[in-house]
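Down below is the structure, laid out as structure tokens.
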Amino acid sequence: LDLGPRTRARVERGLAALNRATRATATAHGVPFLDVGGHPALADAANFSADGIHPSALGHERAAAAFERLLGLEEAR
């Protein structure tokens, strides 16, 4: 996104806080979660649609495969 430096810093801090709270809540309740914050695949433009924000078809496919691995479902197919 085309954000100014201060706005970008505020958004990044807010997202980092949200990610920490999500991790803590999932851990506290024993809920599996796919932690993608800081994942190297975020740098791969092929995972995103033309707007650069939403997942592309390939990004959705890769995320679904990661969820299958997380839940131990990859062998169920």
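Going through the structure tokens in order, the chains are called A, B, and so on, while each chain numbers its residues from 1 and the ligands are numbered from 1 in the order shown.
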Which of chain A fall in helix (DSSP H, G or I), as an MDAnalysis selection string: chainID A and resid 5:29 40:43 45:47 57:71
Selection: 12 Å around Gly38 in chain A, only C-alpha atoms, excl. self and same-chain fewer than 6 positions, as a list in words: Glu12, Leu15, Ala16 and Asn19 of chain A
Write the residues of the preceding selection, restricted to C-alpha atoms, as a PDB file, in the first residue's frame.
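So the final result, stored in selection_13.pdb, reads:
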ATOM      1  CA  GLU A  12       2.317  -2.224  11.176  1.00  0.00           C
ATOM      2  CA  LEU A  15      -1.203  -5.546  12.896  1.00  0.00           C
ATOM      3  CA  ALA A  16       1.648  -6.799  15.073  1.00  0.00           C
ATOM      4  CA  ASN A  19      -1.164 -10.992  15.558  1.00  0.00           C
TER       5      ASN A  19
END
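When CA of Leu71 in chain A is paired with CA of Ala46 in chain A, their separation reads 24.6 Å.
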Tell me, as an mmCIF file with N, CA and C atoms, in the first residue's frame, which residues lie within 8 Å of Leu34 in chain A, counting only C-alpha atoms; anything in the same chain fewer than 5 positions away does not count.
data_model
loop_
_atom_site.group_PDB
_atom_site.id
_atom_site.type_symbol
_atom_site.label_atom_id
_atom_site.label_comp_id
_atom_site.auth_asym_id
_atom_site.auth_seq_id
_atom_site.Cartn_x
_atom_site.Cartn_y
_atom_site.Cartn_z
ATOM 1 N N ALA A 66 -1.526 -25.272 3.270
ATOM 2 C CA ALA A 66 -0.895 -25.059 4.577
ATOM 3 C C ALA A 66 -1.864 -25.409 5.709
ATOM 4 N N PHE A 67 -3.150 -25.059 5.547
ATOM 5 C CA PHE A 67 -4.148 -25.428 6.554
ATOM 6 C C PHE A 67 -4.314 -26.941 6.624
ATOM 7 N N LEU A 70 -1.453 -28.198 8.614
ATOM 8 C CA LEU A 70 -1.637 -27.827 10.014
ATOM 9 C C LEU A 70 -2.613 -28.774 10.714
#
For Asp35 in chain A: contacts at 10 Å, only C-alpha atoms, fewer than 2 positions along chain excluded, given as a PyMOL selection string: chain A and resi 19+22-23+32-33+37-39
Residues from last step as file, N, CA, C and O atoms, as a PDB file, in the first residue's frame:
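Printed below is selection.pdb as written:
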ATOM      1  N   ASN A  19      -1.770  -9.664  15.712  1.00  0.00           N
ATOM      2  CA  ASN A  19      -1.164 -10.992  15.558  1.00  0.00           C
ATOM      3  C   ASN A  19      -0.761 -11.584  16.903  1.00  0.00           C
ATOM      4  O   ASN A  19      -0.975 -12.770  17.158  1.00  0.00           O
ATOM      5  N   THR A  22      -3.913 -12.701  18.672  1.00  0.00           N
ATOM      6  CA  THR A  22      -4.460 -13.903  18.033  1.00  0.00           C
ATOM      7  C   THR A  22      -3.672 -15.139  18.444  1.00  0.00           C
ATOM      8  O   THR A  22      -4.254 -16.169  18.801  1.00  0.00           O
ATOM      9  N   ARG A  23      -2.335 -15.034  18.402  1.00  0.00           N
ATOM     10  CA  ARG A  23      -1.494 -16.164  18.825  1.00  0.00           C
ATOM     11  C   ARG A  23      -1.776 -16.544  20.272  1.00  0.00           C
ATOM     12  O   ARG A  23      -1.929 -17.716  20.604  1.00  0.00           O
ATOM     13  N   PRO A  32      -5.673 -24.642  16.910  1.00  0.00           N
ATOM     14  CA  PRO A  32      -4.605 -24.553  15.912  1.00  0.00           C
ATOM     15  C   PRO A  32      -4.769 -23.284  15.086  1.00  0.00           C
ATOM     16  O   PRO A  32      -5.886 -22.853  14.814  1.00  0.00           O
ATOM     17  N   PHE A  33      -3.661 -22.664  14.736  1.00  0.00           N
ATOM     18  CA  PHE A  33      -3.721 -21.463  13.911  1.00  0.00           C
ATOM     19  C   PHE A  33      -2.541 -21.450  12.959  1.00  0.00           C
ATOM     20  O   PHE A  33      -1.480 -21.972  13.266  1.00  0.00           O
ATOM     21  N   GLY A  37       2.191 -14.258   9.790  1.00  0.00           N
ATOM     22  CA  GLY A  37       2.875 -12.991   9.996  1.00  0.00           C
ATOM     23  C   GLY A  37       4.371 -13.161   9.802  1.00  0.00           C
ATOM     24  O   GLY A  37       4.999 -13.992  10.437  1.00  0.00           O
ATOM     25  N   GLY A  38       4.940 -12.422   8.863  1.00  0.00           N
ATOM     26  CA  GLY A  38       6.366 -12.520   8.592  1.00  0.00           C
ATOM     27  C   GLY A  38       6.765 -13.713   7.740  1.00  0.00           C
ATOM     28  O   GLY A  38       7.948 -13.961   7.538  1.00  0.00           O
ATOM     29  N   HIS A  39       5.781 -14.470   7.238  1.00  0.00           N
ATOM     30  CA  HIS A  39       6.082 -15.648   6.417  1.00  0.00           C
ATOM     31  C   HIS A  39       6.791 -15.216   5.131  1.00  0.00           C
ATOM     32  O   HIS A  39       6.399 -14.227   4.511  1.00  0.00           O
TER      33      HIS A  39
END
